[in-house]
Amino acid sequence: MASNSHSPRFVRWSGYFAPTLREEPGDAEVVSHRLMLKAGMIRKVAAGIYDLLPLGLRGLRKVEAIVREEMDRAGAHEVLLPMVTPAELWQETGRWDVYGKELLRFQDRHERWFCLGPTHEEVITDLVRREVRSHRQLPITLYQIQTKFRDEVRPRFGLMRGREFMMKDAYSFDRSDPEAEATYGRMREAYDRVFARCGLRFTSVEAATGAIGGSFSHEYMVLAESGEDQTVSCSKCGFAANIEFAATAPIPSGSRSLQAASDAHPGGRTLQGTPDALPGSRTLQGASASSDAGSLSAPRRKIPRLPGEPSPSPIEPPAPCPKCSAPLSLTRGIEVGHVFKLGEKYSKAMKATFLDAEGKERTMVMGCYGIGIGRTFAAAIEQGHDENGPILPPSIAPFHVLLTTVAQDPRALEAAESLAKELNGAGIEVLWDDRDERAGVKFKDGDLTGIPVKIVVGKRFIEKGTIEIKPRRDGAACEVPPSAALAAAHEFLAR
């Protein structure tokens, strides 16, 4: 279980800001957007810009804490770079002119040009080139967790595709290609730990580097039927890739190509990676300049299926694996992370060099690594929910236990408060619904929180001295005395 040490573990709902909605949000098109609005986790301020309310922020902070711990464990060092960045740095790499309208540009009072950072390759490279001179100062990996802004032409789907969003972006600087590949491998291991600790079913697949450049990259996908991405995998040799990358991989002699197989794929994006027509009449060519945006640019352009929209047809007949010719299988997923081996694309353009052991000037070899914090939390809801609300993993749920009193009897209230304090003392975060509301209202609101374990103190406690405890996921309840609640909660949270 992840815990945010800066947030209280025991909160009374009667004094908490969690404004749930009874009606269905009219502008919510995907499950996570709809449920986060209903649960009072987010509220819309403008297109693609949201307030994060306490329940939602606690969830995002849980993801953030896991990411921070694993980045530190992998040897990265946290920094915080400015969101406002000067045009001069972007002009050095040429991205000021090619990035496109997603780069929100403005002038200060002295008529100097700046932009809101959608990513920070230029800023971090400038920092390192000014401070690192010798091979003895390398390798180094720096990361930040920060708000980004990309002026999407058609922001949709809540935190899945907003204009303002929270992202972890890390950047590595190495002395050689072999050293850079070793760093890349360590970061991939860290990503595996991050998404496993978040309680998500995920996969990592090979991906095209696109406009961001570099020699290779991998995407991390949370598996969900509502996912905007299709990936292919081979059970025989272990090959896994997104369909764009798979289409460009060498096909074994005599095998039917993935490109030919794409003729049967109507999902708006061929296996070659060219969209037939993205919403807003945006072509891949038009988006490619702006998608040179950093480690998590691609999710901003891939459109989730809407509820009720039919799934794209599978590739018929199955295309062969480009590695071993065995049939490939398809899965759907939501991209939550992307890692790139950048090489010298930015370091060469910005003259980020160091002196090697012989005193020779060499160019640093870079990598970059992104995780969408809000997107990961929203993807967890896309993966885990029912008709009543989210079903969140304990590690990223806003609280571990929802404690509900349905009888306003002083004995029930006293027992609930005592139980909340006991759980709190054992490190379990509790949201106590102590409101003077009807039981039905409390239960409906409780399901919307996504909290994984529910404890009810009600009539059974008054009559028999027992409380009801059950997991949110399968709803199988059991009755135990309050003295057994802590052990039962630990058991349910460990499942």
# chains A, B, ... in the order shown; residues from 1 in each chain; ligands from 1

call {"tool": "select_by_dssp", "arguments": {"residues": "segment 171-211 of chain A", "states": "helix (DSSP H, G or I)", "output": "list in words"}}
result
Asp177, Pro178, Glu179, Ala180, Glu181, Ala182, Thr183, Tyr184, Gly185, Arg186, Met187, Arg188, Glu189, Ala190, Tyr191, Asp192, Arg193, Val194, Phe195, Ala196, Arg197, Gly210 and Ala211 of chain A

call {"tool": "residues_around", "arguments": {"residues": "Gly185 of chain A", "least_positions_apart": "6", "cutoff": "12 Å", "atoms": "only C-alpha atoms", "output": "PyMOL selection string"}}
result
chain A and resi 74+172+178-179+191-192+216-218+339-341+367+369

call {"tool": "write_last_selection", "arguments": {"atoms": "N, CA and C atoms", "output": "PDB file, in the first residue's frame"}}
result
ATOM      1  N   ALA A  74      16.192   3.767  -8.748  1.00  0.00           N
ATOM      2  CA  ALA A  74      16.937   3.524  -9.985  1.00  0.00           C
ATOM      3  C   ALA A  74      18.153   4.435 -10.123  1.00  0.00           C
ATOM      4  N   SER A 172      18.359  11.062 -19.090  1.00  0.00           N
ATOM      5  CA  SER A 172      19.653  10.492 -18.727  1.00  0.00           C
ATOM      6  C   SER A 172      20.737  11.006 -19.659  1.00  0.00           C
ATOM      7  N   PRO A 178      26.874   2.033 -25.114  1.00  0.00           N
ATOM      8  CA  PRO A 178      26.656   0.911 -24.186  1.00  0.00           C
ATOM      9  C   PRO A 178      26.210   1.374 -22.802  1.00  0.00           C
ATOM     10  N   GLU A 179      26.781   2.466 -22.327  1.00  0.00           N
ATOM     11  CA  GLU A 179      26.388   2.991 -21.021  1.00  0.00           C
ATOM     12  C   GLU A 179      24.939   3.486 -21.062  1.00  0.00           C
ATOM     13  N   TYR A 191      10.238   1.119 -14.479  1.00  0.00           N
ATOM     14  CA  TYR A 191       8.869   1.263 -14.973  1.00  0.00           C
ATOM     15  C   TYR A 191       8.055   0.010 -14.668  1.00  0.00           C
ATOM     16  N   ASP A 192       8.669  -1.152 -14.840  1.00  0.00           N
ATOM     17  CA  ASP A 192       7.968  -2.394 -14.498  1.00  0.00           C
ATOM     18  C   ASP A 192       7.534  -2.379 -13.030  1.00  0.00           C
ATOM     19  N   PHE A 216      15.671   3.593 -30.446  1.00  0.00           N
ATOM     20  CA  PHE A 216      14.578   2.693 -30.126  1.00  0.00           C
ATOM     21  C   PHE A 216      13.780   3.248 -28.957  1.00  0.00           C
ATOM     22  N   SER A 217      12.571   2.704 -28.770  1.00  0.00           N
ATOM     23  CA  SER A 217      11.718   3.142 -27.666  1.00  0.00           C
ATOM     24  C   SER A 217      10.747   2.036 -27.308  1.00  0.00           C
ATOM     25  N   HIS A 218      10.163   2.150 -26.113  1.00  0.00           N
ATOM     26  CA  HIS A 218       9.131   1.216 -25.652  1.00  0.00           C
ATOM     27  C   HIS A 218       7.980   2.013 -25.041  1.00  0.00           C
ATOM     28  N   VAL A 339       9.428   5.307 -23.052  1.00  0.00           N
ATOM     29  CA  VAL A 339      10.864   5.506 -22.821  1.00  0.00           C
ATOM     30  C   VAL A 339      11.574   5.517 -24.169  1.00  0.00           C
ATOM     31  N   PHE A 340      12.551   6.422 -24.312  1.00  0.00           N
ATOM     32  CA  PHE A 340      13.277   6.595 -25.560  1.00  0.00           C
ATOM     33  C   PHE A 340      14.786   6.561 -25.312  1.00  0.00           C
ATOM     34  N   LYS A 341      15.515   5.904 -26.178  1.00  0.00           N
ATOM     35  CA  LYS A 341      16.957   6.107 -26.245  1.00  0.00           C
ATOM     36  C   LYS A 341      17.171   7.194 -27.306  1.00  0.00           C
ATOM     37  N   GLY A 367      18.844   9.760 -22.997  1.00  0.00           N
ATOM     38  CA  GLY A 367      17.593   9.015 -23.028  1.00  0.00           C
ATOM     39  C   GLY A 367      16.531   9.851 -22.340  1.00  0.00           C
ATOM     40  N   TYR A 369      12.356   9.584 -20.503  1.00  0.00           N
ATOM     41  CA  TYR A 369      11.462   8.585 -19.922  1.00  0.00           C
ATOM     42  C   TYR A 369      10.271   9.302 -19.287  1.00  0.00           C
TER      43      TYR A 369
END

call {"tool": "residues_around", "arguments": {"residues": "segment 106-109 of chain A", "least_positions_apart": "5", "cutoff": "10 Å", "atoms": "only C-alpha atoms", "output": "VMD selection string"}}
result
chain A and resid 84 86 to 87 114 to 116

call {"tool": "write_last_selection", "arguments": {"atoms": "C-alpha atoms", "output": "mmCIF file, in the first residue's frame"}}
result
data_model
loop_
_atom_site.group_PDB
_atom_site.id
_atom_site.type_symbol
_atom_site.label_atom_id
_atom_site.label_comp_id
_atom_site.auth_asym_id
_atom_site.auth_seq_id
_atom_site.Cartn_x
_atom_site.Cartn_y
_atom_site.Cartn_z
ATOM 1 C CA VAL A 84 7.876 28.845 -18.475
ATOM 2 C CA PRO A 86 12.552 30.861 -23.194
ATOM 3 C CA ALA A 87 12.245 30.622 -26.947
ATOM 4 C CA PHE A 114 8.494 32.267 -24.015
ATOM 5 C CA CYS A 115 6.337 29.133 -23.991
ATOM 6 C CA LEU A 116 4.627 26.911 -21.466
#

call {"tool": "residues_around", "arguments": {"residues": "Gly158 of chain A", "least_positions_apart": "6", "cutoff": "9 Å", "atoms": "only C-alpha atoms", "output": "PyMOL selection string"}}
result
chain A and resi 28-30+32-34+36-37+42+44+48-50+378

call {"tool": "write_last_selection", "arguments": {"atoms": "N, CA and C atoms", "output": "compact mmCIF listing (two decimals), in the first residue's frame"}}
result
# COMPACT_ATOMS: atom_id res chain seq x y z
N ALA A 28 -19.08 13.81 -20.56
CA ALA A 28 -18.08 12.78 -20.29
C ALA A 28 -18.26 11.63 -21.28
N GLU A 29 -17.19 11.31 -22.00
CA GLU A 29 -17.29 10.33 -23.08
C GLU A 29 -16.65 8.99 -22.76
N VAL A 30 -15.79 8.94 -21.75
CA VAL A 30 -15.17 7.67 -21.38
C VAL A 30 -15.42 7.43 -19.89
N SER A 32 -13.56 6.73 -17.22
CA SER A 32 -12.78 7.41 -16.18
C SER A 32 -13.21 8.86 -16.03
N HIS A 33 -13.49 9.54 -17.13
CA HIS A 33 -13.94 10.93 -17.07
C HIS A 33 -15.28 11.02 -16.34
N ARG A 34 -16.21 10.15 -16.71
CA ARG A 34 -17.54 10.17 -16.11
C ARG A 34 -17.48 9.89 -14.61
N MET A 36 -14.87 10.04 -12.49
CA MET A 36 -14.12 11.02 -11.71
C MET A 36 -14.94 12.28 -11.47
N LEU A 37 -15.78 12.65 -12.44
CA LEU A 37 -16.69 13.77 -12.23
C LEU A 37 -17.75 13.41 -11.20
N ILE A 42 -12.66 15.45 -9.81
CA ILE A 42 -12.23 16.53 -10.69
C ILE A 42 -13.43 17.41 -11.04
N LYS A 44 -14.27 20.51 -14.19
CA LYS A 44 -13.78 21.19 -15.38
C LYS A 44 -13.71 22.70 -15.16
N GLY A 48 -10.06 20.85 -21.40
CA GLY A 48 -8.79 20.19 -21.13
C GLY A 48 -8.07 20.67 -19.89
N ILE A 49 -8.73 21.43 -19.03
CA ILE A 49 -8.13 21.97 -17.81
C ILE A 49 -9.07 21.67 -16.65
N TYR A 50 -8.55 21.04 -15.60
CA TYR A 50 -9.40 20.56 -14.51
C TYR A 50 -8.87 20.96 -13.15
N ALA A 378 -6.27 7.61 -14.25
CA ALA A 378 -7.48 7.45 -15.05
C ALA A 378 -7.51 6.08 -15.72

call {"tool": "closest_residue", "arguments": {"among": "A:Ala487, A:Asp174, A:Arg332, A:Pro25", "to": "Glu344 of chain A", "atoms": "only C-alpha atoms"}}
result
A:Asp174

call {"tool": "residues_around", "arguments": {"residues": "Cys321 of chain A", "least_positions_apart": "2", "cutoff": "8 Å", "atoms": "only C-alpha atoms", "output": "number ranges by chain"}}
result
A: 233-234, 239, 251, 319, 323-328

call {"tool": "write_last_selection", "arguments": {"atoms": "all heavy atoms", "output": "PDB file, in the first residue's frame"}}
result
ATOM      1  N   SER A 233       1.367  -9.238 -30.107  1.00  0.00           N
ATOM      2  CA  SER A 233       2.335  -9.998 -29.332  1.00  0.00           C
ATOM      3  C   SER A 233       2.397 -11.424 -29.844  1.00  0.00           C
ATOM      4  O   SER A 233       1.441 -11.937 -30.436  1.00  0.00           O
ATOM      5  CB  SER A 233       1.972  -9.990 -27.845  1.00  0.00           C
ATOM      6  OG  SER A 233       0.703 -10.575 -27.640  1.00  0.00           O
ATOM      7  N   CYS A 234       3.559 -12.041 -29.613  1.00  0.00           N
ATOM      8  CA  CYS A 234       3.798 -13.402 -30.063  1.00  0.00           C
ATOM      9  C   CYS A 234       4.076 -14.274 -28.839  1.00  0.00           C
ATOM     10  O   CYS A 234       5.012 -14.001 -28.075  1.00  0.00           O
ATOM     11  CB  CYS A 234       4.986 -13.440 -31.022  1.00  0.00           C
ATOM     12  SG  CYS A 234       5.456 -15.117 -31.542  1.00  0.00           S
ATOM     13  N   PHE A 239       7.958 -11.558 -28.872  1.00  0.00           N
ATOM     14  CA  PHE A 239       7.903 -10.256 -29.538  1.00  0.00           C
ATOM     15  C   PHE A 239       6.613  -9.540 -29.182  1.00  0.00           C
ATOM     16  O   PHE A 239       5.542 -10.136 -29.159  1.00  0.00           O
ATOM     17  CB  PHE A 239       7.986 -10.452 -31.056  1.00  0.00           C
ATOM     18  CG  PHE A 239       7.751  -9.188 -31.852  1.00  0.00           C
ATOM     19  CD1 PHE A 239       8.738  -8.224 -31.954  1.00  0.00           C
ATOM     20  CD2 PHE A 239       6.541  -8.978 -32.500  1.00  0.00           C
ATOM     21  CE1 PHE A 239       8.529  -7.070 -32.692  1.00  0.00           C
ATOM     22  CE2 PHE A 239       6.321  -7.828 -33.242  1.00  0.00           C
ATOM     23  CZ  PHE A 239       7.323  -6.867 -33.333  1.00  0.00           C
ATOM     24  N   ILE A 251       9.915  -8.490 -42.108  1.00  0.00           N
ATOM     25  CA  ILE A 251       9.016  -9.642 -42.157  1.00  0.00           C
ATOM     26  C   ILE A 251       9.785 -10.857 -42.667  1.00  0.00           C
ATOM     27  O   ILE A 251      10.517 -10.763 -43.654  1.00  0.00           O
ATOM     28  CB  ILE A 251       7.823  -9.351 -43.110  1.00  0.00           C
ATOM     29  CG1 ILE A 251       7.082  -8.103 -42.647  1.00  0.00           C
ATOM     30  CG2 ILE A 251       6.886 -10.549 -43.184  1.00  0.00           C
ATOM     31  CD1 ILE A 251       6.449  -8.229 -41.290  1.00  0.00           C
ATOM     32  N   ALA A 319      -1.734 -11.755 -38.900  1.00  0.00           N
ATOM     33  CA  ALA A 319      -0.433 -11.491 -39.503  1.00  0.00           C
ATOM     34  C   ALA A 319       0.637 -12.268 -38.771  1.00  0.00           C
ATOM     35  O   ALA A 319       0.487 -12.603 -37.599  1.00  0.00           O
ATOM     36  CB  ALA A 319      -0.147  -9.994 -39.433  1.00  0.00           C
ATOM     37  N   LYS A 323       9.440 -11.684 -36.207  1.00  0.00           N
ATOM     38  CA  LYS A 323      10.656 -12.324 -35.709  1.00  0.00           C
ATOM     39  C   LYS A 323      10.702 -13.821 -36.015  1.00  0.00           C
ATOM     40  O   LYS A 323      11.746 -14.356 -36.376  1.00  0.00           O
ATOM     41  CB  LYS A 323      10.779 -12.125 -34.194  1.00  0.00           C
ATOM     42  CG  LYS A 323      10.762 -10.663 -33.755  1.00  0.00           C
ATOM     43  CD  LYS A 323      11.979  -9.904 -34.231  1.00  0.00           C
ATOM     44  CE  LYS A 323      11.978  -8.482 -33.670  1.00  0.00           C
ATOM     45  NZ  LYS A 323      13.092  -7.678 -34.187  1.00  0.00           N
ATOM     46  N   CYS A 324       9.539 -14.509 -35.842  1.00  0.00           N
ATOM     47  CA  CYS A 324       9.576 -15.975 -35.971  1.00  0.00           C
ATOM     48  C   CYS A 324       8.473 -16.545 -36.857  1.00  0.00           C
ATOM     49  O   CYS A 324       8.376 -17.762 -36.996  1.00  0.00           O
ATOM     50  CB  CYS A 324       9.506 -16.621 -34.588  1.00  0.00           C
ATOM     51  SG  CYS A 324       7.878 -16.471 -33.804  1.00  0.00           S
ATOM     52  N   SER A 325       7.622 -15.697 -37.416  1.00  0.00           N
ATOM     53  CA  SER A 325       6.535 -16.096 -38.336  1.00  0.00           C
ATOM     54  C   SER A 325       5.330 -16.738 -37.667  1.00  0.00           C
ATOM     55  O   SER A 325       4.370 -17.104 -38.338  1.00  0.00           O
ATOM     56  CB  SER A 325       7.052 -17.057 -39.433  1.00  0.00           C
ATOM     57  OG  SER A 325       8.013 -16.414 -40.222  1.00  0.00           O
ATOM     58  N   ALA A 326       5.342 -16.909 -36.340  1.00  0.00           N
ATOM     59  CA  ALA A 326       4.168 -17.451 -35.657  1.00  0.00           C
ATOM     60  C   ALA A 326       3.041 -16.419 -35.692  1.00  0.00           C
ATOM     61  O   ALA A 326       3.284 -15.213 -35.836  1.00  0.00           O
ATOM     62  CB  ALA A 326       4.525 -17.799 -34.218  1.00  0.00           C
ATOM     63  N   PRO A 327       1.775 -16.830 -35.551  1.00  0.00           N
ATOM     64  CA  PRO A 327       0.664 -15.868 -35.567  1.00  0.00           C
ATOM     65  C   PRO A 327       0.758 -14.893 -34.398  1.00  0.00           C
ATOM     66  O   PRO A 327       1.176 -15.257 -33.299  1.00  0.00           O
ATOM     67  CB  PRO A 327      -0.581 -16.753 -35.446  1.00  0.00           C
ATOM     68  CG  PRO A 327      -0.139 -18.094 -35.895  1.00  0.00           C
ATOM     69  CD  PRO A 327       1.297 -18.222 -35.486  1.00  0.00           C
ATOM     70  N   LEU A 328       0.348 -13.672 -34.647  1.00  0.00           N
ATOM     71  CA  LEU A 328       0.316 -12.633 -33.614  1.00  0.00           C
ATOM     72  C   LEU A 328      -1.088 -12.508 -33.042  1.00  0.00           C
ATOM     73  O   LEU A 328      -2.072 -12.709 -33.741  1.00  0.00           O
ATOM     74  CB  LEU A 328       0.744 -11.288 -34.198  1.00  0.00           C
ATOM     75  CG  LEU A 328       2.195 -11.144 -34.634  1.00  0.00           C
ATOM     76  CD1 LEU A 328       2.391  -9.818 -35.365  1.00  0.00           C
ATOM     77  CD2 LEU A 328       3.131 -11.221 -33.445  1.00  0.00           C
TER      78      LEU A 328
END

call {"tool": "closest_residue", "arguments": {"among": "A:Gly389, A:Gly446, A:Pro482, A:Pro471", "to": "Ala415 of chain A", "atoms": "only C-alpha atoms"}}
result
A:Pro482

call {"tool": "closest_residue", "arguments": {"among": "A:Leu89, A:Leu413, A:Val453, A:Ala240", "to": "Asp434 of chain A", "atoms": "only C-alpha atoms"}}
result
A:Leu413

call {"tool": "residues_around", "arguments": {"residues": "Ala47 of chain A", "least_positions_apart": "2", "cutoff": "10 Å", "atoms": "only C-alpha atoms", "output": "list in words"}}
result
Lys44, Val45, Ile49, Tyr50, Asp151, Glu152, Val153, Arg154, Pro155, Arg156, Gly158, Gly162, Arg163 and Glu164 of chain A

call {"tool": "atom_distance", "arguments": {"atom1": "atom CA of Lys454 of chain A", "atom2": "atom CA of Leu53 of chain A"}}
result
21.7 Å

call {"tool": "residues_around", "arguments": {"residues": "Leu142 of chain A", "least_positions_apart": "5", "cutoff": "7 Å", "atoms": "only C-alpha atoms", "output": "list in words"}}
result
Ala76, His77, Glu78, Val79, Ala170, Tyr171 and Ser172 of chain A

call {"tool": "select_by_dssp", "arguments": {"residues": "segment 36-93 of chain A", "states": "strand (DSSP E or B)", "output": "list in words"}}
result
Ile42, Arg43, Lys44, Val45, Ala46, Ile49, Tyr50, Asp51, Leu52, His77, Glu78, Val84, Thr85 and Pro86 of chain A

call {"tool": "closest_residue", "arguments": {"among": "A:Leu159, A:Gln91, A:Gly117, A:Gly337", "to": "Val67 of chain A", "atoms": "only C-alpha atoms"}}
result
A:Gly337

call {"tool": "closest_residue", "arguments": {"among": "A:Arg9, A:Arg22, A:His490, A:Arg495", "to": "Arg58 of chain A", "atoms": "only C-alpha atoms"}}
result
A:Arg9

call {"tool": "atom_distance", "arguments": {"atom1": "atom CA of Asp97 of chain A", "atom2": "atom CA of Trp113 of chain A"}}
result
12.6 Å

call {"tool": "closest_residue", "arguments": {"among": "A:Ser395, A:Glu429, A:Val132, A:Ser418", "to": "Ala494 of chain A", "atoms": "only C-alpha atoms"}}
result
A:Ser395

call {"tool": "atom_distance", "arguments": {"atom1": "atom CA of Ser14 of chain A", "atom2": "atom CA of Thr466 of chain A"}}
result
23.9 Å
